[in-house]
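**Student:** Can you keep this structure in mind? I'll have questions shortly.
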Amino acid sequence: MRATEFTETMLGTVRLDAEPRERRLRLDLRADADTVLRPHRTTMARLTGRARIAGLADDTGAKGELEVSPLARRRIRYRLTFTADGRVLTLDGWKSVTPRRPVASMTVLPFTLYEGDTRVGAGVLRFPLLTGLLPFLLSFRFPRRDTQAELLAPRWNGAPGRTEVWYTTLTDPATGTGIWLHHELTAPADGSEPTAHGWVAAFPREGEVRHARFGPVPWTRPEHGFTSDDVTVTAGQLTGSADDFHWKLTERPQDPPLFTFPRWAWRRPLLPAAQMLPAARAAYDGEFAYGDRTLTLQGAPGASARIYGHGNAQRWTWLHADLGDGDVLEVVAAVSTRPGLRRLPPLVFLRLRHRGRTWPRRAERSAVGWLGIGRFRAGFGLPRWTVTGRTVLRRIRVEVDQPAERTLVLEYRDPDGARAVCRNSETADARVVLERWWGRWRPEASWVLDRTAHAEAGDR
């Protein structure tokens with residue numbers, strides 16, 4: 001299913017009812033629709049972006065909805081909520097489309113400004129044809145949108161020497177406990193029967209990290225996710241038991257999928273492995289019990305991810321960081337096991353979803369740069385590892401700390417029989433600094449995560 005994405009800038013003025021003069025107003029918006037725009041039908045889209053009123057507001061977290069119905073209802077309606085001087089305002093208006101004035105009716109937006117249900121002002125916005133039309137047209141994208149069920153369905157086609165992973169990490173907001181659910185299909189390289197296995201782990205804010213394994217059992221080739229005895233993963237549900245661990249969780253996606261590796265690498269397994277998130281952010285409800293503790297989860301933040309490939313890298317690091325306010329960071333850095341490639345520096349795949357946009361714009365940008373120039377860099381090591389990189393206008397530094405007492409060390413086997421060791425912490429610390437070039441590097445955003453980062457370092 002194809003979706004529609006585009007950006008739009010509008011300029012104009014607004015007059016507040018309590019003021020005698022007009023103020024300049026500018027909107028820089030991004031629209032996301034779950035379907036392809038069809039002019040003869042009504043299409044709803046999500047709006048995010050920046051709202052600026054001279055001397056009053058500069059809100060980069062504006063949100064709302066867009067109704068595109070130029071023929072069916074003869075209007076294009078905007079509803080946008082933003083903060084101005086501590087007040088939450090809503091802009092509501094529409095372009096009245098008519099064939100008698102096609103250009104003016106498609107570019108002029110009269111609107112009313114509300115605070116709650118009370119009118120507080122009115123104004124007019126205009127789409128700048130001379131400077132805005134070309135960027136507007138070039139911004140249109142029609143990405144494919146997969147359902148969560150499609151992304152959770154098994155990828156394995158019966159070939160030997162493959163591994164497939166479904167894993168979920170989350171943090172209980174009430175206790176600070178980190179939770180890790182790892183489900184894995186292993187198809188040995190020698191052609192023997194595939195098996196399903198995995199593990200579950202709890203990382204309490206204070207106290208010992210605990211875990212339990214399940215499987216291996218024969219792979220039963222389910223159609224909709226993962227199954228291993230009492231453990232299941234399907235769209236929106238995770239259930240299971242292992243030793244004294246028991247869980248029954250409902251997953252509510254909060255964000256569209258995020259492809260850490262290029263989308264084509266997930267659809268066509270040309271790389272040794274690829275990773276992606278069916279939902280970049282999700283909320284979890286339900287119960288998670290181990291030993292004599294039972295956690296009742298309500299809106300616990302986290303995410304589920306998928307891996308498919310030939311097995312683990314020679315060395316790797318991974319980070320999932322919910323940065324708050326809808327922002328999320330995913331990092332995978334790895335050194336390949338392929339001969340000739342294992343001596344190269346790590347390839348870094350970094351995806352930051354910030355203020356509704358994903359940076360870098362293309363997933364391969366952080367790994368390959370421009371013909372090898374400008375690749376992002378990773379510094380491996382424990383308890384601290386780092387990732388740094390830059391594009392033309394932005395640069396980022398990520399520092400991750402995995403203290404030994406909050407890190408679980410697990411050993412397992414790849415499809416080729418090689419030993420792999422992962423060192424995982426669901427209560428890691430992280431510091432992220434994003435800067436933008438404005439004649440010099442200036443801070444754009446920074447985040448500090450105290451025991452809420454999900455991180456891993458491993459090797460073979």
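Labeling convention for the structure tokens: chains A, B, ... as they appear, residues from 1 per chain, ligands from 1 in order of appearance.
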Taking only segment 132-230 of chain A into account, list the residues labelled strand (DSSP E or B) by DSSP (computed from the backbone), as a PyMOL selection string.
**Tutor:** chain A and resi 141+144+162-171+178-187+195-203+210-218+226-228
**Student:** Please identify all polymer residues within 6 Å of Leu319 of chain A, counting only C-alpha atoms, omitting same-chain residues fewer than 2 positions from it, and present them as an NGL selection string.
**Tutor:** :A and (330-331 or 454-455)
**Student:** Taking only C-alpha atoms into account, which of A:Phe127, A:Tyr114, A:Phe376, A:Phe140 comes nearest Glu5 of chain A?
**Tutor:** A:Phe140
**Student:** Can you write out as CSV which residues of segment 357-439 of chain A fall within 10 Å of segment 255-276 of chain A, alongside each residue's closest atom pair and its distance in Å to one decimal, counting only C-alpha atoms and ordering rows by chain and ascending residue number?
**Tutor:**
```
residue,atom,partner,partner_atom,distance
A:Thr358,CA,A:Leu258,CA,8.8
A:Arg362,CA,A:Pro262,CA,7.3
A:Ala363,CA,A:Pro262,CA,5.0
A:Glu364,CA,A:Pro262,CA,6.0
A:Arg365,CA,A:Pro262,CA,9.4
A:Ser366,CA,A:Phe261,CA,9.9
A:Ala367,CA,A:Phe261,CA,9.1
```
**Student:** Using only C-alpha atoms, which residue out of A:Lys63, A:Arg46, A:Arg41, A:Lys248 lies closest to Leu297 of chain A?
**Tutor:** A:Lys248
**Student:** Can you pull out every residue within 6 Å of Phe214 of chain A, counting only C-alpha atoms, but drop anything in the same chain fewer than 2 positions away, and send it as a ChimeraX atom specification?
**Tutor:** /A:197-199,242
**Student:** Taking 4 positions as the minimum chain separation for residues in the same chain, which residues sit within 8 Å of Asp17 of chain A when counting only C-alpha atoms? Answer as a short mmCIF file (atom, residue, chain, number, x, y, z; two decimals) with N, CA and C atoms, in the first residue's frame.
**Tutor:**
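Wrote out_8.cif, looks like this:
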```cif
data_model
loop_
_atom_site.label_atom_id
_atom_site.label_comp_id
_atom_site.auth_asym_id
_atom_site.auth_seq_id
_atom_site.Cartn_x
_atom_site.Cartn_y
_atom_site.Cartn_z
N VAL A 120 -9.65 33.76 19.37
CA VAL A 120 -8.71 34.76 19.88
C VAL A 120 -8.06 35.55 18.75
N GLY A 121 -8.38 35.20 17.49
CA GLY A 121 -7.79 35.95 16.40
C GLY A 121 -8.16 35.37 15.05
N ALA A 122 -7.70 36.02 13.98
CA ALA A 122 -7.97 35.56 12.62
C ALA A 122 -6.88 36.11 11.71
#
```
